[in-house]
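First up is the structure itself, then whatever we jot down about it.
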Amino acid sequence: MLTSLTEARRADTTRRYPLPLLAAALAATVALAGCQSTQSNDLIRIDTAQGSKENISSLTGVIEANPSDPEGYNVRGSAYGRAGEFSRAVDDFNTALQLNPRFYQAYANRALVYRNMGKQVEAANDYNAALKINPNYDAAYIGRGNLYRQAGRTDEAFRDFDRAIQLNTTDGRAYHNRGLIYQLRGQHAKAIEDFSKAISLAPSSPAPYNGRGVSYVALNQDDNAFADFNHAIELDPKIAESWANQALIYERRGDKAKASKSYRHALGLDPKYGPAQQGLARLGS
């Protein structure tokens, strides 16, 4: 899958981009990859339709027909969560767990809502409770692993993602997030393998394309990186990271006009986006 670059091309890249600039650019994109995953690959994406009167009414009808069935509350709680109505979601998960204290899926679902509410301790407790009931629940390992990763506890996070993978998870987030840790460790070949697996499991997600592209940049495989960043933009053109990553390749190629345009597009999506601000500063724009 990896294609090695010739020594001549490596030398040409070094000549066109002095090492201090190259190092700064790489540092910016590596930091960026972790930020993007945290924001869009793991937490709840709000879908207000989930909380529509019609949808909630339908789910409430199921609950009223079977008031002692915890699954109804779990499903409605998930709908509230996806709609961004987090307090109502927690209430439903609480009821589900009162009806069935061993409902490990409800613990993991409530943990995800707590994470979106910024309640990290409560989320960790719920993931631990889910895993105490079912030590083979891959979703809880992935969720807890992200808590650890965001707290800088990368070794513990790695173990959780690795455990989910050992359990033959089909959730691409486990591979994507383990790939981010390999990337932080400078193990880019292993990171690329994990990002590629994540892509095979979730081909419509732009995050692993951005992640893999960053590792390609670190290995000076700019053509591969450019293809990944462009595909991430095709999948979702509203992500600032993808445009800033594309701009970096233009910058490395010496095309300041296109690099500036892409950095500015990233800032149009997120005016406070640091890597794009830094890119424009390097270009003197």
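Identifiers in this document derive from the order of the structure tokens: chains are assigned A, B, ..., residues are numbered from 1 separately in each chain, and ligands are numbered from 1 in order of occurrence.
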Distance query Asp222 of chain A at most 10 Å, only C-alpha atoms, self and fewer than 5 positions along chain excluded, as an mmCIF file with all heavy atoms, in the first residue's frame:
```
data_model
loop_
_atom_site.group_PDB
_atom_site.id
_atom_site.type_symbol
_atom_site.label_atom_id
_atom_site.label_comp_id
_atom_site.auth_asym_id
_atom_site.auth_seq_id
_atom_site.Cartn_x
_atom_site.Cartn_y
_atom_site.Cartn_z
ATOM 1 N N LEU A 5 9.303 7.027 -1.846
ATOM 2 C CA LEU A 5 9.751 8.086 -2.721
ATOM 3 C C LEU A 5 11.218 7.869 -3.058
ATOM 4 O O LEU A 5 11.981 7.313 -2.278
ATOM 5 C CB LEU A 5 9.582 9.446 -2.032
ATOM 6 C CG LEU A 5 8.165 9.830 -1.634
ATOM 7 C CD1 LEU A 5 8.174 11.185 -0.943
ATOM 8 C CD2 LEU A 5 7.277 9.905 -2.854
ATOM 9 N N THR A 13 12.458 17.944 -2.236
ATOM 10 C CA THR A 13 11.541 18.478 -1.236
ATOM 11 C C THR A 13 12.304 19.281 -0.203
ATOM 12 O O THR A 13 11.876 20.355 0.225
ATOM 13 C CB THR A 13 10.776 17.328 -0.536
ATOM 14 O OG1 THR A 13 10.040 16.622 -1.517
ATOM 15 C CG2 THR A 13 9.835 17.869 0.526
ATOM 16 N N GLY A 213 -3.470 11.129 5.718
ATOM 17 C CA GLY A 213 -2.735 12.126 4.954
ATOM 18 C C GLY A 213 -1.627 12.763 5.759
ATOM 19 O O GLY A 213 -0.524 13.015 5.241
ATOM 20 N N VAL A 214 -1.870 13.031 7.040
ATOM 21 C CA VAL A 214 -0.852 13.628 7.898
ATOM 22 C C VAL A 214 0.363 12.702 8.008
ATOM 23 O O VAL A 214 1.512 13.150 7.960
ATOM 24 C CB VAL A 214 -1.431 13.945 9.286
ATOM 25 C CG1 VAL A 214 -0.329 14.300 10.274
ATOM 26 C CG2 VAL A 214 -2.439 15.080 9.187
ATOM 27 N N SER A 215 0.117 11.405 8.149
ATOM 28 C CA SER A 215 1.241 10.470 8.232
ATOM 29 C C SER A 215 1.967 10.348 6.893
ATOM 30 O O SER A 215 3.179 10.163 6.850
ATOM 31 C CB SER A 215 0.766 9.100 8.724
ATOM 32 O OG SER A 215 0.566 9.118 10.129
ATOM 33 N N TYR A 216 1.228 10.437 5.792
ATOM 34 C CA TYR A 216 1.892 10.462 4.484
ATOM 35 C C TYR A 216 2.805 11.681 4.379
ATOM 36 O O TYR A 216 3.922 11.590 3.847
ATOM 37 C CB TYR A 216 0.854 10.505 3.360
ATOM 38 C CG TYR A 216 0.258 9.172 2.978
ATOM 39 C CD1 TYR A 216 -1.111 9.052 2.695
ATOM 40 C CD2 TYR A 216 1.048 8.020 2.863
ATOM 41 C CE1 TYR A 216 -1.671 7.830 2.325
ATOM 42 C CE2 TYR A 216 0.494 6.799 2.497
ATOM 43 C CZ TYR A 216 -0.860 6.709 2.224
ATOM 44 O OH TYR A 216 -1.413 5.508 1.852
ATOM 45 N N VAL A 217 2.357 12.829 4.888
ATOM 46 C CA VAL A 217 3.198 14.027 4.867
ATOM 47 C C VAL A 217 4.481 13.783 5.662
ATOM 48 O O VAL A 217 5.574 14.137 5.232
ATOM 49 C CB VAL A 217 2.440 15.246 5.446
ATOM 50 C CG1 VAL A 217 3.389 16.425 5.648
ATOM 51 C CG2 VAL A 217 1.303 15.667 4.518
ATOM 52 N N ALA A 227 -4.026 13.407 -2.194
ATOM 53 C CA ALA A 227 -5.215 12.655 -2.602
ATOM 54 C C ALA A 227 -6.143 12.434 -1.409
ATOM 55 O O ALA A 227 -7.374 12.562 -1.538
ATOM 56 C CB ALA A 227 -4.808 11.321 -3.217
ATOM 57 N N ASP A 228 -5.572 12.112 -0.243
ATOM 58 C CA ASP A 228 -6.407 11.886 0.940
ATOM 59 C C ASP A 228 -7.081 13.172 1.398
ATOM 60 O O ASP A 228 -8.277 13.178 1.742
ATOM 61 C CB ASP A 228 -5.562 11.305 2.075
ATOM 62 C CG ASP A 228 -5.465 9.790 2.021
ATOM 63 O OD1 ASP A 228 -6.156 9.175 1.185
ATOM 64 O OD2 ASP A 228 -4.717 9.212 2.832
ATOM 65 N N LEU A 248 -1.413 22.950 3.090
ATOM 66 C CA LEU A 248 -0.033 22.608 3.431
ATOM 67 C C LEU A 248 0.688 21.948 2.255
ATOM 68 O O LEU A 248 1.861 22.236 1.997
ATOM 69 C CB LEU A 248 -0.012 21.677 4.646
ATOM 70 C CG LEU A 248 1.379 21.172 5.055
ATOM 71 C CD1 LEU A 248 2.269 22.330 5.477
ATOM 72 C CD2 LEU A 248 1.269 20.162 6.183
ATOM 73 N N ILE A 249 -0.021 21.093 1.534
ATOM 74 C CA ILE A 249 0.611 20.449 0.374
ATOM 75 C C ILE A 249 0.917 21.490 -0.699
ATOM 76 O O ILE A 249 2.009 21.480 -1.296
ATOM 77 C CB ILE A 249 -0.279 19.326 -0.187
ATOM 78 C CG1 ILE A 249 -0.539 18.262 0.886
ATOM 79 C CG2 ILE A 249 0.390 18.688 -1.409
ATOM 80 C CD1 ILE A 249 0.700 17.586 1.419
ATOM 81 N N TYR A 250 -0.019 22.393 -0.951
ATOM 82 C CA TYR A 250 0.261 23.473 -1.902
ATOM 83 C C TYR A 250 1.483 24.267 -1.439
ATOM 84 O O TYR A 250 2.338 24.647 -2.246
ATOM 85 C CB TYR A 250 -0.946 24.406 -2.012
ATOM 86 C CG TYR A 250 -2.081 23.884 -2.858
ATOM 87 C CD1 TYR A 250 -3.400 23.958 -2.412
ATOM 88 C CD2 TYR A 250 -1.851 23.339 -4.119
ATOM 89 C CE1 TYR A 250 -4.458 23.498 -3.190
ATOM 90 C CE2 TYR A 250 -2.905 22.876 -4.906
ATOM 91 C CZ TYR A 250 -4.203 22.955 -4.438
ATOM 92 O OH TYR A 250 -5.240 22.503 -5.216
ATOM 93 N N ARG A 252 3.982 23.213 0.456
ATOM 94 C CA ARG A 252 5.185 22.411 0.258
ATOM 95 C C ARG A 252 5.591 22.351 -1.216
ATOM 96 O O ARG A 252 6.768 22.169 -1.535
ATOM 97 C CB ARG A 252 4.958 20.988 0.804
ATOM 98 C CG ARG A 252 5.011 20.911 2.327
ATOM 99 C CD ARG A 252 4.394 19.627 2.860
ATOM 100 N NE ARG A 252 5.108 18.420 2.479
ATOM 101 C CZ ARG A 252 6.090 17.861 3.195
ATOM 102 N NH1 ARG A 252 6.486 18.444 4.322
ATOM 103 N NH2 ARG A 252 6.655 16.737 2.803
ATOM 104 N N ARG A 253 4.620 22.496 -2.104
ATOM 105 C CA ARG A 253 4.907 22.488 -3.542
ATOM 106 C C ARG A 253 5.350 23.862 -4.056
ATOM 107 O O ARG A 253 5.698 24.001 -5.224
ATOM 108 C CB ARG A 253 3.672 22.020 -4.322
ATOM 109 C CG ARG A 253 3.344 20.553 -4.132
ATOM 110 C CD ARG A 253 2.032 20.187 -4.846
ATOM 111 N NE ARG A 253 1.779 18.756 -4.798
ATOM 112 C CZ ARG A 253 0.680 18.172 -5.291
ATOM 113 N NH1 ARG A 253 -0.267 18.914 -5.856
ATOM 114 N NH2 ARG A 253 0.523 16.858 -5.207
#
```
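Residues in contact with Asn230 of chain A at 8 Å, where only C-alpha atoms are counted and same-chain residues fewer than 3 positions away are skipped, are listed as Phe226, Ala227, Ile233, Glu234, Ser242 and Gln246 of chain A.
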Show me, as JSON, numbers by chain, the residues that have an atom within 9 Å of segment 149-166 of chain A when counting only C-alpha atoms, minus same-chain residues fewer than 2 positions from it.
{"A": [34, 38, 136, 137, 138, 139, 140, 141, 142, 143, 144, 145, 146, 147, 168, 169, 170, 171, 173, 174, 175, 177, 178, 181, 182]}
How would the residues just chosen look if you wrote them out with C-alpha atoms as a PDB file, in the first residue's frame?
```
ATOM      1  CA  GLY A  34      -5.864  14.836  16.875  1.00  0.00           C
ATOM      2  CA  THR A  38     -11.892  14.732  18.966  1.00  0.00           C
ATOM      3  CA  ASN A 136     -16.128  -7.648  25.971  1.00  0.00           C
ATOM      4  CA  TYR A 137     -18.135  -4.547  25.056  1.00  0.00           C
ATOM      5  CA  ASP A 138     -16.060  -2.873  22.349  1.00  0.00           C
ATOM      6  CA  ALA A 139     -18.002   0.421  22.284  1.00  0.00           C
ATOM      7  CA  ALA A 140     -17.180   1.069  25.942  1.00  0.00           C
ATOM      8  CA  TYR A 141     -13.455   0.480  25.347  1.00  0.00           C
ATOM      9  CA  ILE A 142     -13.532   2.934  22.437  1.00  0.00           C
ATOM     10  CA  GLY A 143     -15.413   5.562  24.439  1.00  0.00           C
ATOM     11  CA  ARG A 144     -13.192   5.220  27.495  1.00  0.00           C
ATOM     12  CA  GLY A 145     -10.123   5.200  25.283  1.00  0.00           C
ATOM     13  CA  ASN A 146     -11.125   8.578  23.899  1.00  0.00           C
ATOM     14  CA  LEU A 147     -11.527   9.934  27.405  1.00  0.00           C
ATOM     15  CA  ASN A 168     -12.848  -7.885  16.361  1.00  0.00           C
ATOM     16  CA  THR A 169     -14.737  -4.604  16.513  1.00  0.00           C
ATOM     17  CA  THR A 170     -16.263  -3.363  13.279  1.00  0.00           C
ATOM     18  CA  ASP A 171     -16.213   0.218  14.593  1.00  0.00           C
ATOM     19  CA  ARG A 173     -13.095   4.622  15.428  1.00  0.00           C
ATOM     20  CA  ALA A 174     -10.968   2.061  17.261  1.00  0.00           C
ATOM     21  CA  TYR A 175      -8.502   1.889  14.358  1.00  0.00           C
ATOM     22  CA  ASN A 177      -7.884   6.552  17.280  1.00  0.00           C
ATOM     23  CA  ARG A 178      -5.165   3.935  17.678  1.00  0.00           C
ATOM     24  CA  ILE A 181      -1.582   7.432  18.924  1.00  0.00           C
ATOM     25  CA  TYR A 182       0.823   5.658  16.555  1.00  0.00           C
TER      26      TYR A 182
END
```
Residues near Tyr80 of chain A, anyone? I mean within 12 Å using only C-alpha atoms, not counting same-chain ones fewer than 5 positions away, as a ChimeraX atom specification.
/A:44-53,55-57,59-60,73-75,85-93,109-110,113
